[in-house]
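Enquirer: Could you have a look at this structure, given as structure tokens, before my questions?
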Amino acid sequence: APALRGGRWLGTPGGAEPPAARPRGAVVLLDFFTGGCVNCLHVLDELRGLEARFGAALTVLGVHSPKFPHEADPAAVESAVARLGVDHPVLDDAALHTWRAYAVRAWPTLVVVDPAGYVAGRFSGEGHAGAVAALVAELLDGSGAADPGPPPPAPLAPAAGLRFPSAALPLPSGALLVADTGAHRLVEFDPHTGDVLRGTGSGARGLRDGDAAAARFSAPRGLALLPPDVAAACGWDVVVADTGNHALRGVRLADGSVRTVAGTGRQLRRREGGGPALEQDLASPWDVAWFDGQVVVAMAGTHQLWAFDPAPEAARGVVRVLAGTTAEGLRDGPAELAWLAQPSGLAAEPGGAGLWFVDAETSALRRLARDGAGPRPARSVPVVADDRMANAAPLDAAGTPSGYEVVTAVGLGLFDSGLRDGPGRVPEGAEDAAALLQHPEGVALAPDGAVLVADTYNGAVRRWDPAAGVLTTLRAGLAEPTGVLAVGGELLVVESAAHRVVRLPPPGGEAAERVLDVVLAPGEVRLAVRLPAGQRPSGGEVDGARLAVAAEPAALLGDGAGEGPGLHRALRVADGAGGGVLRVVARVVACAADGSGAACTLRSAAWLLRVRLAAGAPRDVVLDLPAG
């Protein structure tokens, strides 16, 4: 077994290399994973069981070997380890040195190293916990768990704010419901003030029904509102994709009570599925949406879309496969023959004509519609299967024709990603001009019919124009956006890695310049932009605010022009310039100063200052950022 080399360590004192990094004298289990792979997420749950069984007798080490460029970013690795709750040491193998040394070819892969330092077993994919446990027990002289080790860590208590939120849902009351994934709960808050109105879920990880305070979730992600007549019949209003519990949960808005409406709490490991909802295993449901008279489920764990037909309160609902064969790849056509790859976000068109979804692993934007409804691809999408993916290419398992068809708008394959605007479909041989995404996880419909994509690993919000067939970038520089909404002419973005929901101005919607007449003394002048009372810049003034200053004529300013961080600027007004115009633009992510609010807002304002110079005039200019 080669030594683990080539990167930094996370989860060790001072980032020091753990003794087991040069495997000798202990049973070591290596987990080669990436932060965005749903199969890797499943294996992490399996590892928790192994760690609890064997305790200190088994050393578990993670090796984070990136697939996407974003996953090689040090901050992204740290965020993934925290978001996934990995509590054993992790090697940041950004350059894939250890991946190559162990000749790994699939995500995830588990490698067992015996006390003599030799590789004793290798397991690609998920579902191998039993085989790994048997091998480890044998290497420990058949004793099973020699040392129970320390007790498992206590459940994370909910923070005052959010922790790796995933999605947001506008409610009829005007409130916003957020899936607070990292804190295993839902949070309902006022999107205007950021005040928390109610929390649903105790914050302890688990599967428990009951009232809002007692219920438990496990990494909930997707949210969907049922039509009023369906909700009245079912007795609950919101369906939640409870990803870590492999279940769907129903929430009644009147009192926040929670019930399980589909799933058993066990992960589905067979290719076939369907039947009574509460008797059917599910596999990491990632998102949910009401479409065509049913709840569509992005079943990320099996690379499929499923349908859930809720039933009246006294009866049981049913679930069934809607699209996908379980093959992981990119192939269009009849839904029952299409290949998907970790579907992660869903958005139904108004009127129910089609359902847009994103496939994270193929970095693709796709559409499900009735056969013949909507645009068809200009060329066939290539079949993509690669043995670097552990579960890439099982055989087709066509079921009864559903009448639905899958068409890809943007995306080329499992290993094609990036940040590039342009056409989605291009002639064969011109793929270098095609638009690219990088592991998108959220999608929404804009009022003008455009499709908004939370391009997670690119840290951007993208806009797809179905009529023109072109993808553009609306906003970049975001921290792993996983959800996007168009509400009341504004864009709300769930910035998962920044633990917040941000309100962005609409495209082209920067505020008009406010014209002010000011008299200033020549020389040093202090410019400041003041936030509304009770607000502060997110992350501090340096990281959370930008200020741009320009002069007309340019000679008006001897110093201080240009764009930079902060809301304060020292200017030097040139003596003898005779006056002119200063243009000031401020942008700041503003949050509640006391940390009580769950939402932060990107505010921007522009001023045109008509400057007249006079000796003895003030040397301070204070501009108030509007509260609205």
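Chain labels follow the order of the structure tokens: the first chain is A, the next B, and so on; residue numbering restarts at 1 in every chain, and ligands are counted from 1 in their shown order.
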Report the residues of region 162-369 of chain A whose backbone DSSP state falls under strand (DSSP E), written as a PyMOL selection string.
Expert: chain A and resi 167-170+176-180+185-189+196-200+220-225+238-242+247-251+258-262+274-276+285-291+294-299+304-309+318-323+333-334+343-348+354-359+364-369
Enquirer: For Trp464 (chain A), please output as a PyMOL selection string all residues within 12 Å (counting only C-alpha atoms; exclusion window: fewer than 3 positions along the same chain).
Expert: chain A and resi 356+364-366+409-410+421-424+435-437+443-446+448-455+461+467-474
Enquirer: Mind giving me the straight-line distance from CA of Asp517 (chain A) to CA of Asp620 (chain A) in Å, one decimal?
Expert: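 Taking CA of Asp517 (chain A) as the start and CA of Asp620 (chain A) as the end point, the length is 13.6 Å.
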Enquirer: For the helix (DSSP H, G or I) assignment from backbone DSSP, which residues of region 319-491 of chain A qualify? Please present them as number ranges by chain.
Expert: A: 335-337, 431-433, 456-458
Enquirer: Please identify all polymer residues within 7 Å of Glu313 (chain A), counting only C-alpha atoms, omitting same-chain residues fewer than 4 positions from it, and present them as a VMD selection string.
Expert: chain A and resid 233 to 235
Enquirer: For region 567-583 of chain A, please output as an MDAnalysis selection string all residues within 7 Å (counting only C-alpha atoms; exclusion window: fewer than 2 positions along the same chain).
Expert: chainID A and resid 522:529 541 545:547 549:553 555:560 585 607:613
Enquirer: May I ask for the distance between CA of Leu623 (chain A) and CA of Arg530 (chain A), given in Å to one decimal place?
Expert: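 Interatomic distance, CA of Leu623 (chain A) to CA of Arg530 (chain A): 6.0 Å.
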Enquirer: Counting only C-alpha atoms, which of A:Ala348, A:Leu61, A:Ala307, A:Ala433 gets nearest to His88 (chain A)?
Expert: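 With only C-alpha atoms as the atom set, the closest residue is A:Leu61.
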Enquirer: With a distance cut-off of 12 Å and only C-alpha atoms, select the neighbouring residues of Thr243 (chain A), excluding the residue or stretch itself and same-chain residues fewer than 4 positions from it, and output the selection as a ChimeraX atom specification.
Expert: /A:38,41-42,45,166,179,181-182,184-185,205-207,217-223,247-249,262-263,265-267,282-288,297-301,344
Enquirer: Compare A:Gly562, A:Pro89, A:Gly36, A:Pro626 by their minimum atom-to-atom distance to Ala21 (chain A), counting only C-alpha atoms, and give me the closest one.
Expert: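 That would be A:Pro89, the residue with the smallest distance to Ala21 (chain A).
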Enquirer: To one decimal place, how far is CA of Glu431 (chain A) from CA of Val104 (chain A) in Å?
Expert: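 If I compute the distance from CA of Glu431 (chain A) to CA of Val104 (chain A), I get 28.8 Å.
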Enquirer: Identify which of the residues A:Asp209, A:Glu336, A:Asp180, A:Asp31 lies closest to Thr260 (chain A), counting only C-alpha atoms when measuring atom-to-atom distances.
Expert: A:Asp209
Enquirer: List the neighbours of region 108-121 of chain A out to 9 Å using only C-alpha atoms; skip same-chain residues closer than 4 positions along the sequence, and give me the result as an mmCIF file with N, CA and C atoms, in the first residue's frame.
Expert:
```cif
data_model
loop_
_atom_site.group_PDB
_atom_site.id
_atom_site.type_symbol
_atom_site.label_atom_id
_atom_site.label_comp_id
_atom_site.auth_asym_id
_atom_site.auth_seq_id
_atom_site.Cartn_x
_atom_site.Cartn_y
_atom_site.Cartn_z
ATOM 1 N N ALA A 1 0.847 -1.186 0.000
ATOM 2 C CA ALA A 1 0.000 0.000 0.000
ATOM 3 C C ALA A 1 0.884 1.237 0.000
ATOM 4 N N PRO A 2 0.770 2.077 -1.028
ATOM 5 C CA PRO A 2 1.597 3.286 -1.063
ATOM 6 C C PRO A 2 1.251 4.231 0.084
ATOM 7 N N ARG A 22 0.857 6.400 6.416
ATOM 8 C CA ARG A 22 1.835 5.442 5.887
ATOM 9 C C ARG A 22 1.449 4.092 6.472
ATOM 10 N N PRO A 23 0.445 3.433 5.801
ATOM 11 C CA PRO A 23 -0.280 2.315 6.431
ATOM 12 C C PRO A 23 0.612 1.154 6.862
ATOM 13 N N ARG A 24 0.819 1.046 8.147
ATOM 14 C CA ARG A 24 1.544 -0.080 8.738
ATOM 15 C C ARG A 24 1.039 -0.237 10.168
ATOM 16 N N GLY A 25 0.783 -1.443 10.602
ATOM 17 C CA GLY A 25 0.488 -1.722 11.998
ATOM 18 C C GLY A 25 -0.956 -1.558 12.407
ATOM 19 N N ALA A 26 -1.857 -1.237 11.485
ATOM 20 C CA ALA A 26 -3.268 -1.088 11.829
ATOM 21 C C ALA A 26 -4.110 -1.450 10.611
ATOM 22 N N VAL A 27 -5.374 -1.717 10.844
ATOM 23 C CA VAL A 27 -6.304 -1.918 9.735
ATOM 24 C C VAL A 27 -6.809 -0.539 9.328
ATOM 25 N N VAL A 28 -6.570 -0.181 8.077
ATOM 26 C CA VAL A 28 -6.903 1.148 7.570
ATOM 27 C C VAL A 28 -7.903 1.003 6.428
ATOM 28 N N LEU A 29 -8.940 1.822 6.444
ATOM 29 C CA LEU A 29 -9.924 1.864 5.366
ATOM 30 C C LEU A 29 -9.832 3.222 4.683
ATOM 31 N N LEU A 30 -9.483 3.223 3.407
ATOM 32 C CA LEU A 30 -9.374 4.450 2.622
ATOM 33 C C LEU A 30 -10.638 4.644 1.805
ATOM 34 N N ASP A 31 -11.194 5.837 1.864
ATOM 35 C CA ASP A 31 -12.391 6.173 1.103
ATOM 36 C C ASP A 31 -12.045 7.239 0.079
ATOM 37 N N PHE A 32 -11.945 6.862 -1.195
ATOM 38 C CA PHE A 32 -11.700 7.806 -2.282
ATOM 39 C C PHE A 32 -13.046 8.372 -2.718
ATOM 40 N N PHE A 33 -13.233 9.687 -2.555
ATOM 41 C CA PHE A 33 -14.550 10.283 -2.780
ATOM 42 C C PHE A 33 -14.402 11.680 -3.358
ATOM 43 N N THR A 34 -15.542 12.244 -3.788
ATOM 44 C CA THR A 34 -15.626 13.655 -4.166
ATOM 45 C C THR A 34 -16.815 14.269 -3.430
ATOM 46 N N CYS A 37 -20.527 13.824 -5.405
ATOM 47 C CA CYS A 37 -20.961 12.516 -5.915
ATOM 48 C C CYS A 37 -21.975 11.900 -4.958
ATOM 49 N N ASN A 39 -23.204 8.893 -4.905
ATOM 50 C CA ASN A 39 -22.792 7.563 -4.449
ATOM 51 C C ASN A 39 -21.772 7.668 -3.319
ATOM 52 N N CYS A 40 -20.921 8.705 -3.395
ATOM 53 C CA CYS A 40 -19.959 8.935 -2.310
ATOM 54 C C CYS A 40 -20.678 9.311 -1.020
ATOM 55 N N LEU A 41 -21.770 10.080 -1.157
ATOM 56 C CA LEU A 41 -22.565 10.449 0.011
ATOM 57 C C LEU A 41 -23.147 9.205 0.677
ATOM 58 N N VAL A 43 -21.889 6.204 0.595
ATOM 59 C CA VAL A 43 -20.811 5.448 1.240
ATOM 60 C C VAL A 43 -20.431 6.071 2.573
ATOM 61 N N TYR A 102 -2.778 4.483 -6.114
ATOM 62 C CA TYR A 102 -3.595 3.314 -5.798
ATOM 63 C C TYR A 102 -4.364 2.795 -7.024
ATOM 64 N N VAL A 104 -6.784 3.957 -8.678
ATOM 65 C CA VAL A 104 -8.237 4.053 -8.520
ATOM 66 C C VAL A 104 -8.838 4.561 -9.823
ATOM 67 N N GLY A 125 -17.790 1.607 -5.943
ATOM 68 C CA GLY A 125 -19.226 1.839 -5.845
ATOM 69 C C GLY A 125 -19.700 1.767 -4.409
ATOM 70 N N GLU A 126 -21.005 1.699 -4.253
ATOM 71 C CA GLU A 126 -21.603 1.685 -2.919
ATOM 72 C C GLU A 126 -22.211 0.319 -2.609
ATOM 73 N N HIS A 128 -21.205 -1.906 -0.215
ATOM 74 C CA HIS A 128 -20.246 -2.960 0.135
ATOM 75 C C HIS A 128 -19.958 -3.017 1.641
ATOM 76 N N VAL A 132 -17.039 -5.280 3.448
ATOM 77 C CA VAL A 132 -15.923 -4.600 4.119
ATOM 78 C C VAL A 132 -15.864 -5.017 5.586
ATOM 79 N N LEU A 135 -14.351 -8.455 5.957
ATOM 80 C CA LEU A 135 -12.907 -8.452 5.742
ATOM 81 C C LEU A 135 -12.179 -7.833 6.930
ATOM 82 N N VAL A 136 -12.686 -6.729 7.449
ATOM 83 C CA VAL A 136 -12.043 -6.081 8.601
ATOM 84 C C VAL A 136 -12.069 -7.013 9.812
ATOM 85 N N LEU A 139 -9.412 -9.571 9.429
ATOM 86 C CA LEU A 139 -8.076 -9.014 9.683
ATOM 87 C C LEU A 139 -7.847 -8.753 11.163
ATOM 88 N N MET A 389 -16.426 5.879 -13.638
ATOM 89 C CA MET A 389 -17.581 5.960 -12.769
ATOM 90 C C MET A 389 -17.977 4.541 -12.401
ATOM 91 N N ALA A 390 -18.125 4.268 -11.122
ATOM 92 C CA ALA A 390 -18.310 2.893 -10.661
ATOM 93 C C ALA A 390 -19.581 2.265 -11.198
#
```
